[in-house]
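What follows is model_37.cif (mmCIF, C-alpha atoms).
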```cif
data_data
#
loop_
_atom_site.label_atom_id
_atom_site.label_comp_id
_atom_site.auth_asym_id
_atom_site.auth_seq_id
_atom_site.Cartn_x
_atom_site.Cartn_y
_atom_site.Cartn_z
CA MET A 144 0.00 0.00 0.00
CA ALA A 145 1.45 3.34 -0.98
CA ASN A 146 1.94 5.79 1.88
CA SER A 147 0.54 9.28 1.52
CA GLU A 148 2.84 12.25 2.07
CA ILE A 149 3.53 12.66 5.80
CA ARG A 150 4.27 16.11 7.20
CA SER A 151 5.08 16.97 10.79
CA ILE A 152 5.36 19.87 13.20
CA GLN A 153 6.39 20.33 16.79
CA CYS A 154 3.74 20.95 19.44
CA THR A 155 3.75 24.65 20.23
CA GLN A 156 3.39 23.85 23.95
CA CYS A 157 5.60 20.83 24.70
CA GLY A 158 7.70 20.55 21.54
CA ALA A 159 6.73 16.95 20.85
CA PRO A 160 6.86 15.89 17.18
CA LEU A 161 3.39 15.49 15.67
CA ASP A 162 2.70 13.96 12.25
CA LEU A 163 0.16 15.64 9.96
CA HIS A 164 -1.97 13.44 7.71
CA GLY A 165 -5.03 15.53 6.85
CA GLY A 166 -5.83 18.02 4.13
CA HIS A 167 -6.56 21.74 4.06
CA ARG A 168 -9.93 21.37 5.84
CA VAL A 169 -8.25 20.31 9.07
CA ARG A 170 -9.02 22.97 11.68
CA SER A 171 -7.43 21.66 14.87
CA LEU A 172 -4.53 19.52 16.05
CA THR A 173 -4.50 18.00 19.52
CA CYS A 174 -1.16 16.94 20.99
CA THR A 175 -1.07 13.33 22.10
CA TYR A 176 1.45 14.11 24.82
CA CYS A 177 0.31 17.29 26.55
CA GLY A 178 -3.34 17.65 25.48
CA ALA A 179 -2.84 21.01 23.80
CA VAL A 180 -5.57 21.82 21.25
CA MET A 181 -4.12 24.03 18.52
CA ASP A 182 -5.81 25.98 15.74
CA SER A 183 -4.21 24.93 12.44
CA HIS A 184 -5.64 28.03 10.73
CA GLN A 185 -3.84 30.30 13.21
CA ASP A 186 -0.29 28.91 13.02
CA TYR A 187 -1.17 26.24 15.56
CA GLN A 188 -1.81 28.69 18.35
CA LEU A 189 -3.11 27.18 21.58
CA VAL A 190 -6.90 27.18 21.88
CA TYR A 191 -7.05 25.38 25.20
CA GLN A 192 -5.32 22.54 26.97
CA TYR A 193 -6.58 19.63 29.02
CA LYS A 194 -4.49 17.26 31.06
CA ASN A 195 -4.64 13.85 32.70
CA ALA A 196 -6.62 12.45 29.78
CA MET A 197 -6.21 8.71 29.41
CA ARG A 198 -5.99 7.45 25.85
CA PRO A 199 -8.90 5.05 25.24
CA ALA A 200 -8.09 1.48 24.21
CA CYS A 201 -8.44 0.91 20.49
CA PRO A 202 -6.59 -1.36 18.03
CA LEU A 203 -6.55 1.47 15.44
CA LYS A 204 -4.07 4.31 15.79
CA ILE A 205 -3.52 7.68 14.17
CA GLY A 206 -1.49 7.36 10.98
CA MET A 207 -2.71 3.88 10.08
CA GLN A 208 -3.86 3.44 6.50
CA GLY A 209 -6.50 1.07 5.19
CA ILE A 210 -8.83 0.51 2.26
CA ILE A 211 -12.57 0.79 2.92
CA GLU A 212 -14.99 0.38 0.01
CA ASN A 213 -12.03 0.52 -2.40
CA ILE A 214 -10.90 3.88 -1.01
CA GLU A 215 -7.60 4.36 0.80
CA PHE A 216 -8.08 6.22 4.07
CA THR A 217 -5.69 7.43 6.74
CA ILE A 218 -6.72 7.77 10.39
CA ILE A 219 -6.03 11.39 11.34
CA GLY A 220 -7.96 12.01 14.56
CA ILE A 221 -9.74 10.36 17.48
CA LEU A 222 -12.72 11.50 19.55
CA GLN A 223 -14.20 9.71 22.51
CA TYR A 224 -17.85 10.34 23.34
CA ALA A 225 -19.61 9.27 26.52
CA CYS A 226 -23.25 9.24 27.64
CA GLU A 227 -24.79 9.79 31.05
CA ASP A 228 -25.04 6.04 31.57
CA SER A 229 -21.23 5.77 31.17
CA GLU A 230 -21.44 4.16 27.75
CA HIS A 231 -18.65 5.41 25.50
CA TRP A 232 -17.41 4.93 21.97
CA LEU A 233 -14.75 6.31 19.62
CA GLU A 234 -15.10 8.31 16.45
CA LEU A 235 -12.03 8.01 14.24
CA GLN A 236 -11.75 10.74 11.63
CA ILE A 237 -10.36 9.26 8.43
CA PHE A 238 -9.13 11.12 5.37
CA SER A 239 -8.70 10.35 1.69
CA PRO A 240 -7.11 12.85 -0.70
CA THR A 241 -9.69 11.82 -3.33
CA HIS A 242 -12.83 11.33 -1.21
CA GLY A 243 -12.35 13.71 1.69
CA TYR A 244 -13.25 13.21 5.34
CA HIS A 245 -15.32 10.40 6.80
CA TRP A 246 -15.73 8.72 10.18
CA LEU A 247 -15.12 5.23 11.46
CA SER A 248 -17.02 4.56 14.69
CA TYR A 249 -15.65 1.98 17.10
CA GLU A 250 -17.68 0.60 20.01
CA GLN A 251 -16.97 -2.67 21.83
CA GLY A 252 -15.52 -4.35 18.76
CA HIS A 253 -18.16 -3.01 16.35
CA PHE A 254 -17.34 -0.68 13.44
CA ILE A 255 -19.56 1.80 11.56
CA PHE A 256 -18.37 3.58 8.42
CA ASN A 257 -20.04 7.03 8.54
CA ARG A 258 -20.30 9.71 5.92
CA ARG A 259 -22.02 13.06 6.13
CA VAL A 260 -25.02 13.33 3.81
CA ARG A 261 -26.21 16.48 2.15
CA ASP A 262 -29.65 15.12 1.37
CA VAL A 263 -32.00 15.96 4.21
CA PRO A 264 -33.95 13.00 5.61
CA ARG A 265 -37.63 13.22 6.48
CA PRO A 266 -38.50 14.33 9.14
CA THR A 267 -35.74 16.92 9.33
CA GLN A 268 -35.91 18.05 12.96
CA VAL A 269 -35.94 15.82 16.00
CA LYS A 270 -34.41 18.00 18.72
CA GLY A 271 -36.70 18.62 21.65
CA PHE A 272 -39.07 15.71 21.02
CA ARG A 273 -38.89 12.02 20.42
CA LEU A 274 -39.21 10.89 16.82
CA ARG A 275 -42.18 8.51 16.63
CA GLY A 276 -42.48 7.64 12.98
CA PRO A 277 -39.86 6.32 10.56
CA ALA A 278 -37.18 8.44 8.93
CA ILE A 279 -36.72 8.20 5.18
CA LEU A 280 -33.50 8.78 3.26
CA HIS A 281 -32.49 7.59 -0.21
CA GLN A 282 -35.74 5.59 -0.50
CA ARG A 283 -34.76 3.61 2.59
CA THR A 284 -36.94 3.60 5.71
CA PHE A 285 -35.20 3.88 9.08
CA LYS A 286 -36.84 2.90 12.36
CA LEU A 287 -36.15 5.07 15.38
CA TYR A 288 -33.68 3.39 17.70
CA GLU A 289 -32.49 5.83 20.35
CA GLN A 290 -32.13 9.48 21.28
CA TYR A 291 -29.55 10.64 23.81
CA ASP A 292 -27.02 13.32 24.78
CA ALA A 293 -23.28 12.72 24.59
CA GLU A 294 -20.17 14.65 25.60
CA VAL A 295 -16.63 14.74 24.26
CA HIS A 296 -14.27 13.06 26.75
CA TYR A 297 -11.06 12.68 24.75
CA VAL A 298 -9.49 14.35 21.71
CA GLU A 299 -6.37 13.41 19.79
CA GLY A 300 -4.91 14.27 16.38
CA GLU A 301 -6.41 16.29 13.54
CA LEU A 302 -10.08 17.24 13.23
CA THR A 303 -12.07 19.39 10.82
CA TRP A 304 -13.30 21.58 13.69
CA ILE A 305 -12.13 22.59 17.15
CA ALA A 306 -13.45 20.03 19.60
CA ARG A 307 -13.36 20.76 23.31
CA LYS A 308 -13.62 18.33 26.18
CA GLY A 309 -17.17 18.61 27.50
CA ASP A 310 -18.73 19.67 24.19
CA SER A 311 -22.20 18.14 24.05
CA VAL A 312 -24.34 16.91 21.19
CA ASN A 313 -27.84 15.50 21.00
CA ILE A 314 -27.94 12.35 18.86
CA THR A 315 -30.97 10.62 17.39
CA GLU A 316 -30.37 7.29 15.68
CA ALA A 317 -32.66 5.43 13.32
CA ILE A 318 -31.75 2.06 11.85
CA ALA A 319 -32.29 -0.07 8.79
CA PRO A 320 -29.55 -2.67 9.35
CA PRO A 321 -26.83 -2.67 8.17
CA TYR A 322 -27.41 1.09 7.85
CA ILE A 323 -27.83 3.69 10.59
CA LEU A 324 -28.98 7.29 10.19
CA SER A 325 -27.78 9.80 12.79
CA TYR A 326 -29.16 13.27 13.53
CA GLU A 327 -26.43 15.12 15.44
CA THR A 328 -27.60 18.43 16.87
CA SER A 329 -25.25 20.82 18.62
CA ALA A 330 -25.84 24.35 19.83
CA ASN A 331 -25.28 25.70 16.32
CA GLU A 332 -26.51 23.18 13.75
CA THR A 333 -27.85 19.75 12.88
CA GLU A 334 -25.82 17.39 10.73
CA TYR A 335 -26.92 14.09 9.19
CA TYR A 336 -24.71 11.04 8.89
CA LEU A 337 -25.37 7.79 7.11
CA GLY A 338 -23.46 4.86 8.54
CA GLN A 339 -22.93 1.30 7.39
CA TYR A 340 -22.00 -1.57 9.69
CA LEU A 341 -18.67 -3.18 8.80
CA PRO A 342 -17.65 -6.62 10.08
CA GLY A 343 -14.64 -6.40 12.36
CA LYS A 344 -12.73 -8.81 10.13
CA THR A 345 -13.10 -6.40 7.20
CA VAL A 346 -11.66 -3.46 9.15
CA TYR A 347 -8.88 -5.42 10.81
CA GLU A 348 -7.73 -6.81 7.48
CA ALA A 349 -7.98 -3.37 5.84
CA PHE A 350 -5.67 -1.82 8.45
CA ALA A 351 -3.47 -4.92 8.88
CA ILE A 352 -4.23 -5.33 12.58
CA GLU A 353 -2.56 -8.30 14.24
CA LYS A 354 -4.94 -10.99 15.44
CA SER A 355 -3.70 -10.61 19.01
CA GLU A 356 -4.86 -6.96 18.99
CA GLN A 357 -8.29 -7.61 17.52
CA GLN A 358 -11.30 -7.33 19.79
CA LYS A 359 -14.29 -9.58 19.34
CA PRO A 360 -17.63 -7.74 19.16
CA GLN A 361 -19.55 -7.62 22.41
CA GLY A 362 -23.33 -7.63 22.38
CA ILE A 363 -25.46 -6.57 19.41
CA HIS A 364 -24.88 -3.20 17.77
CA ALA A 365 -27.85 -1.10 16.71
CA ALA A 366 -26.92 -1.38 13.02
CA GLN A 367 -25.55 -4.91 13.11
CA PRO A 368 -27.31 -7.06 10.48
CA TYR A 369 -28.57 -10.50 11.35
CA HIS A 370 -26.05 -12.92 9.86
CA ALA A 371 -26.58 -16.65 10.27
CA PRO A 372 -26.55 -18.02 6.71
CA LEU A 373 -26.77 -21.69 7.66
CA ILE A 374 -29.71 -21.19 10.05
CA THR A 375 -31.40 -18.77 7.65
CA GLY A 376 -31.00 -21.22 4.76
CA PHE A 377 -32.40 -24.11 6.77
CA GLY A 378 -35.23 -21.90 8.00
CA LYS A 379 -36.32 -20.81 4.53
CA THR A 380 -35.97 -24.32 3.10
CA SER A 381 -37.79 -26.00 5.99
CA LYS A 382 -40.71 -23.61 5.70
CA TRP A 383 -41.37 -24.63 2.11
CA PHE A 384 -40.76 -28.32 2.83
CA ALA A 385 -43.22 -28.13 5.72
CA LEU A 386 -45.83 -26.59 3.42
CA LEU A 387 -45.18 -29.26 0.79
CA ASN A 388 -45.57 -32.07 3.33
CA ILE A 389 -48.76 -30.57 4.72
CA LEU A 390 -50.20 -30.48 1.20
CA LEU A 391 -49.14 -34.11 0.70
CA VAL A 392 -50.84 -35.08 3.97
CA LEU A 393 -54.06 -33.38 2.86
CA LEU A 394 -53.82 -35.07 -0.52
CA LEU A 395 -53.30 -38.50 1.06
CA LEU A 396 -56.22 -37.97 3.41
CA PHE A 397 -58.47 -37.67 0.36
CA LEU A 398 -56.76 -39.99 -2.14
CA GLY A 399 -54.64 -42.33 -0.05
CA GLN A 400 -57.31 -44.42 1.69
CA GLY A 401 -57.05 -47.17 -0.88
CA THR A 402 -59.72 -49.53 -2.30
CA GLN A 403 -62.04 -51.35 0.08
CA ARG A 404 -61.68 -55.15 -0.23
CA LEU A 405 -63.64 -56.25 2.81
CA HIS A 406 -66.42 -54.90 5.02
CA ASN A 407 -67.98 -57.40 7.37
CA HIS A 408 -69.82 -57.40 10.67
CA PHE A 409 -68.86 -60.06 13.19
CA SER A 410 -71.13 -60.85 16.15
CA GLY A 411 -71.34 -63.45 18.86
CA SER A 412 -73.08 -65.91 16.54
CA ASN A 413 -70.64 -65.77 13.58
CA MET A 414 -67.48 -64.59 15.30
CA ALA A 415 -65.30 -67.46 14.05
CA GLU A 416 -66.65 -67.60 10.50
CA ARG A 417 -64.24 -66.89 7.66
CA VAL A 418 -65.03 -64.23 5.06
CA THR A 419 -63.43 -64.14 1.63
CA PHE A 420 -61.67 -61.20 -0.05
CA THR A 421 -59.34 -60.70 -3.01
CA ILE A 422 -55.99 -58.85 -3.25
CA GLU A 423 -54.92 -57.65 -6.71
CA ASP A 424 -51.28 -56.62 -6.07
CA ALA A 425 -48.98 -58.04 -3.37
CA ASN A 426 -46.88 -54.83 -3.45
CA HIS A 427 -49.80 -52.78 -2.22
CA LEU A 428 -49.99 -51.82 1.44
CA LEU A 429 -53.07 -53.10 3.27
CA GLU A 430 -54.86 -51.47 6.18
CA LEU A 431 -57.18 -53.36 8.50
CA LYS A 432 -59.62 -51.36 10.63
CA LEU A 433 -61.42 -52.95 13.56
CA ASP A 434 -64.39 -51.15 15.16
CA THR A 435 -66.20 -52.62 18.17
CA ASN A 436 -69.31 -51.96 20.24
CA LEU A 437 -67.42 -51.97 23.53
CA GLN A 438 -68.94 -49.72 26.18
CA ASN A 439 -67.32 -49.82 29.63
CA HIS A 440 -65.80 -53.19 28.70
CA TRP A 441 -62.63 -54.67 27.28
CA ALA A 442 -61.87 -57.50 24.85
CA SER A 443 -58.95 -59.21 23.16
CA TYR A 444 -59.27 -60.05 19.45
CA ASP A 445 -57.28 -62.31 17.13
CA VAL A 446 -57.38 -61.54 13.42
CA ILE A 447 -56.23 -64.49 11.28
CA ILE A 448 -55.84 -64.47 7.47
CA TYR A 449 -55.72 -67.73 5.50
CA GLN A 450 -54.80 -68.65 1.94
CA GLN A 451 -55.97 -72.11 0.93
CA ASP A 452 -56.46 -73.00 4.60
CA LYS A 453 -52.90 -71.98 5.46
CA GLU A 454 -52.43 -69.21 7.98
CA VAL A 455 -50.37 -66.42 6.37
CA TYR A 456 -50.92 -63.52 8.75
CA SER A 457 -52.25 -62.94 12.26
CA LEU A 458 -52.41 -60.20 14.83
CA ASN A 459 -53.83 -59.61 18.27
CA ARG A 460 -55.42 -56.43 19.53
CA GLU A 461 -56.69 -55.69 23.02
CA ILE A 462 -59.35 -52.99 23.00
CA SER A 463 -61.02 -51.25 25.92
CA PHE A 464 -63.28 -48.26 26.32
CA TYR A 465 -64.67 -46.75 29.53
CA GLU A 466 -66.60 -43.56 30.15
CA GLY A 467 -68.63 -41.87 32.84
CA ARG A 468 -69.27 -38.71 34.82
CA GLU A 469 -67.54 -37.57 37.95
CA GLY A 470 -68.30 -34.36 39.75
CA GLY A 471 -70.64 -33.40 36.93
CA GLU A 472 -67.89 -33.68 34.28
CA TYR A 473 -67.67 -36.28 31.52
CA TRP A 474 -64.58 -38.48 31.25
CA SER A 475 -63.46 -41.31 28.98
CA GLU A 476 -60.41 -43.49 28.39
CA GLY A 477 -59.40 -46.05 25.83
CA ASN A 478 -60.67 -46.53 22.28
CA LYS A 479 -63.37 -48.60 20.63
CA GLY A 480 -61.23 -49.48 17.62
CA ALA A 481 -57.81 -50.47 16.35
CA SER A 482 -55.95 -50.63 13.04
CA ALA A 483 -52.93 -52.33 11.47
CA LEU A 484 -50.85 -51.97 8.30
CA PHE A 485 -49.36 -55.01 6.59
CA LYS A 486 -48.71 -56.79 3.30
CA LEU A 487 -49.66 -60.26 2.06
CA PRO A 488 -47.20 -62.52 0.20
CA THR A 489 -49.06 -62.82 -3.13
CA ALA A 490 -52.09 -61.54 -4.94
CA GLY A 491 -55.14 -63.78 -4.84
CA VAL A 492 -58.05 -64.95 -2.75
CA TYR A 493 -57.85 -64.96 1.05
CA GLN A 494 -60.09 -65.62 4.02
CA LEU A 495 -60.27 -63.64 7.25
CA ALA A 496 -61.48 -64.78 10.66
CA LEU A 497 -62.05 -62.67 13.77
CA ILE A 498 -61.93 -64.44 17.15
CA ALA A 499 -62.64 -62.85 20.54
CA THR A 500 -60.24 -64.66 22.85
CA GLU A 501 -60.96 -62.83 26.12
CA SER A 502 -63.44 -60.19 27.23
CA SER A 503 -65.41 -58.74 30.09
CA LEU A 504 -68.50 -59.26 27.90
CA THR A 505 -70.56 -62.41 27.46
CA LYS A 506 -70.10 -64.19 24.15
CA GLN A 507 -73.46 -62.97 22.93
CA GLY A 508 -72.44 -59.37 23.53
CA PHE A 509 -69.59 -59.35 21.02
CA GLY A 510 -69.91 -57.14 17.98
CA ALA A 511 -67.25 -55.80 15.63
CA TYR A 512 -66.86 -54.42 12.12
CA VAL A 513 -63.80 -55.32 10.06
CA LYS A 514 -62.78 -53.24 7.05
CA LEU A 515 -59.81 -54.00 4.79
CA TYR A 516 -58.35 -51.55 2.26
CA GLU A 517 -55.79 -52.22 -0.49
CA GLY A 518 -53.38 -49.62 -1.89
CA VAL A 519 -53.25 -47.48 1.25
CA MET A 520 -50.74 -44.61 1.31
CA VAL A 521 -49.51 -43.71 4.78
CA SER A 522 -49.63 -40.01 5.64
CA ARG A 523 -48.12 -40.10 9.12
CA TYR A 524 -44.55 -40.10 7.82
CA PHE A 525 -45.28 -36.92 5.90
CA MET A 526 -46.90 -35.50 9.04
CA MET A 527 -43.79 -36.31 11.05
CA LEU A 528 -41.59 -34.74 8.38
CA ALA A 529 -43.82 -31.66 8.29
CA GLY A 530 -43.54 -31.43 12.08
CA LEU A 531 -39.76 -31.70 11.90
CA MET A 532 -39.60 -28.98 9.23
CA LEU A 533 -41.84 -26.74 11.33
CA LEU A 534 -39.54 -27.27 14.32
CA ILE A 535 -36.51 -26.27 12.22
CA TRP A 536 -38.36 -23.22 10.90
CA GLY A 537 -39.43 -22.36 14.45
CA PHE A 538 -35.85 -22.60 15.68
CA ALA A 539 -34.65 -20.32 12.85
CA PHE A 540 -37.42 -17.83 13.63
CA PHE A 541 -36.60 -17.90 17.36
CA HIS A 542 -32.90 -17.41 16.61
CA TYR A 543 -33.71 -14.29 14.56
CA TRP A 544 -36.24 -13.06 17.15
CA ASN A 545 -33.71 -13.49 19.95
CA PHE A 546 -31.11 -11.53 17.95
CA GLU A 547 -33.56 -8.64 17.46
CA ALA A 548 -34.65 -8.78 21.12
CA ARG A 549 -31.03 -8.38 22.19
CA ARG A 550 -30.62 -5.46 19.76
CA TRP A 551 -33.57 -3.57 21.29
CA GLN A 552 -33.11 -4.62 24.91
CA ALA A 553 -30.97 -1.66 25.96
CA VAL A 554 -33.23 1.03 24.50
CA GLU A 555 -36.38 -0.65 25.83
CA GLU A 556 -34.87 -0.67 29.32
CA ASP A 557 -34.05 3.03 28.91
CA ASP A 558 -37.67 3.73 27.91
CA GLU A 559 -38.91 1.92 31.01
CA ASP A 560 -36.58 3.99 33.21
CA GLU A 561 -37.89 7.20 31.61
CA ASP A 562 -41.50 6.12 32.20
CA ASP A 563 -40.72 5.46 35.87
#
```
Full structure transcribed into structure tokens:
Amino acid sequence: MANSEIRSIQCTQCGAPLDLHGGHRVRSLTCTYCGAVMDSHQDYQLVYQYKNAMRPACPLKIGMQGIIENIEFTIIGILQYACEDSEHWLELQIFSPTHGYHWLSYEQGHFIFNRRVRDVPRPTQVKGFRLRGPAILHQRTFKLYEQYDAEVHYVEGELTWIARKGDSVNITEAIAPPYILSYETSANETEYYLGQYLPGKTVYEAFAIEKSEQQKPQGIHAAQPYHAPLITGFGKTSKWFALLNILLVLLLLFLGQGTQRLHNHFSGSNMAERVTFTIEDANHLLELKLDTNLQNHWASYDVIIYQQDKEVYSLNREISFYEGREGGEYWSEGNKGASALFKLPTAGVYQLALIATESSLTKQGFGAYVKLYEGVMVSRYFMMLAGLMLLIWGFAFFHYWNFEARRWQAVEEDDEDEDD
């Protein structure tokens, strides 16, 4: 990276050598060593001097050069602002001979690239009242985030105006991540700045900051965009897969019941009789449905299927159903029916027998309907898949919601304090 021309002077108060990196619009130079603030338009005469100022921690230093948005900038000055609640951040003035003066904000590992805008956002004035509606600039809508007062606590290097320790400014911020719009109102004027959130990695690489000096971001910045590509991708995909599976479930509920091959009523008198039915394709899935007349009783049933008097399939189902009222409220437990899915070895003619092996009923009280369907398509697997997709989508939504909740937590707590 080519270095820009570096000039230097000696501090007019302590004689320390000070490098100059800015252009002709620089108005003040603050000595790093003695805190003298000098007017560069008046032969660096002393404007005022503050002492015992501790340089704030920051991996970026005056004189460093880096490329941001394909523009080479040099850091020429540093301001530290602080709020009443002790929150503080740095504003680094950066300069490019071709693109002029911009700002790089640094707060707890987060970076915002700010530029002053000449276009006036709507609404234009916010001092003295709290902005309720959105602000609009460059066809982008910004949501009000916070309004607060801040003071200058530290000054170093070159600035385009004379900054004094204790200077105050009223700041209103509105966000449309990764962008942030700032109304900065001082005693004399209101200026508008449009900022863009920059990942720390981008800035550190631009200014060649060693990994050991890099600070990981803490918390969620107001303008920080939500960035979780894997979770977002799964969330969007799972939403559409869930919808597809729900549609398949609905389709199978109407079209997947299969063709009825058997419908027979068994009672105490013909319980062991065999009934004949025909299967057309052995690859088809069969569903057997058993419905009983049990009422406050239980019974155990054997279903046996024969082909040419040879048993090829059997199953046992124990069914119970009880109901009543207690304390004026109705209750029930159990089920009057049961079902089973299975396949038979070959197509052809079969016989089915239903046998009640045990029961709390007398033999004459038995009654059951047996239905058999061929070509059944099972929907529960699609329902399970739809449920899984909805869970994934729900997790992705919660992850995004939690990110936004953390973004707004600080300002919501401030609003509650103001209401109190």
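With only C-alpha atoms as the atoms that count, the residue of A:Ala483, A:Ala539, A:Ala306, A:Leu398 with the shortest distance to Ile221 in chain A is A:Ala306.
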Quiz prompt | Nearest residue to Ser502 in chain A from the set A:Arg460, A:Lys286, A:Arg198, A:Arg549 (distances using only C-alpha atoms) | solution =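 Result for the nearest residue to Ser502 in chain A: A:Arg460.
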Quiz item: Of the candidates A:Arg265, A:His253, A:His242, A:His184, which one gets nearest to Ile363 in chain A if we count all atoms listed in the file?
Solution: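 Of the candidates, the smallest distance to Ile363 in chain A is held by A:His253.
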Quiz item: Skipping near chain neighbours, those fewer than 4 positions away, what residues fall within 10 Å of range 475-481 of chain A using all atoms listed in the file, listed as a PyMOL selection string?
Solution: chain A and resi 431-442+460-468+511-513
Quiz item: Which residue, A:Val392, A:Pro321, A:Phe409, A:Val312, has the smallest gap to Tyr524 in chain A when you use all atoms listed in the file?
Solution: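 Checking each candidate against Tyr524 in chain A, we get A:Val392 as the closest.
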Counting only C-alpha atoms, give me one row per residue of range 233-321 of chain A with an atom at most 12 Å from an atom of range 169-176 of chain A, showing the shortest contact pair and its distance in Å to one decimal, sorted by chain then residue number, as CSV.
```
residue,atom,partner,partner_atom,distance
A:Gln236,CA,A:Val169,CA,10.5
A:Ile237,CA,A:Val169,CA,11.3
A:Phe238,CA,A:Val169,CA,9.9
A:Gly243,CA,A:Val169,CA,10.7
A:Tyr244,CA,A:Val169,CA,9.5
A:Tyr297,CA,A:Thr173,CA,9.9
A:Val298,CA,A:Thr173,CA,6.6
A:Glu299,CA,A:Thr173,CA,5.0
A:Gly300,CA,A:Thr173,CA,4.9
A:Glu301,CA,A:Leu172,CA,4.5
A:Leu302,CA,A:Ser171,CA,5.4
A:Thr303,CA,A:Val169,CA,4.3
A:Trp304,CA,A:Arg170,CA,4.9
A:Ile305,CA,A:Ser171,CA,5.3
A:Ala306,CA,A:Ser171,CA,7.8
A:Arg307,CA,A:Thr173,CA,10.0
A:Lys308,CA,A:Thr173,CA,11.3
```
Using all atoms listed in the file, what does the table of range 175-215 of chain A residues within 12 Å of range 328-343 of chain A look like, with each row giving the shortest atom pair and its distance in Å to one decimal, sorted by chain and ascending number, as a Markdown table?
```
| residue | atom | partner | partner_atom | distance |
| --- | --- | --- | --- | --- |
| A:Pro202 | CA | A:Gly343 | CA | 11.1 |
| A:Leu203 | CA | A:Gly343 | CA | 11.7 |
| A:Ile211 | CA | A:Leu341 | CA | 9.4 |
| A:Glu212 | CA | A:Leu341 | CA | 10.2 |
```
Take the residues from that selection and put them in a file with C-alpha atoms, as a short mmCIF file (atom, residue, chain, number, x, y, z; two decimals), keeping the file's coordinate frame.
```
data_model
loop_
_atom_site.label_atom_id
_atom_site.label_comp_id
_atom_site.auth_asym_id
_atom_site.auth_seq_id
_atom_site.Cartn_x
_atom_site.Cartn_y
_atom_site.Cartn_z
CA PRO A 202 -6.59 -1.36 18.03
CA LEU A 203 -6.55 1.47 15.44
CA ILE A 211 -12.57 0.79 2.92
CA GLU A 212 -14.99 0.38 0.01
#
```
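Each of A:Gly166, A:Gly209, A:Gly309, A:Gly401 was checked against Ala225 in chain A using all atoms listed in the file; the smallest atom-to-atom distance is that of A:Gly309.
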Self-check item: Hits of the PyMOL selection byres ((chain A and resi 384) around 12) in this structure, as a PyMOL selection string
Solution: chain A and resi 377-383+385-391+525-536
Quiz item: Of the candidates A:Ala365, A:Cys177, A:Leu163, A:Ala200, which shows the shortest atom-to-atom distance to Ile219 in chain A, using only C-alpha atoms?
Solution: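 Using only C-alpha atoms, the shortest distance to Ile219 in chain A belongs to A:Leu163.
From CA of Tyr249 in chain A back to CA of Tyr191 in chain A, the distance works out to 26.2 Å.
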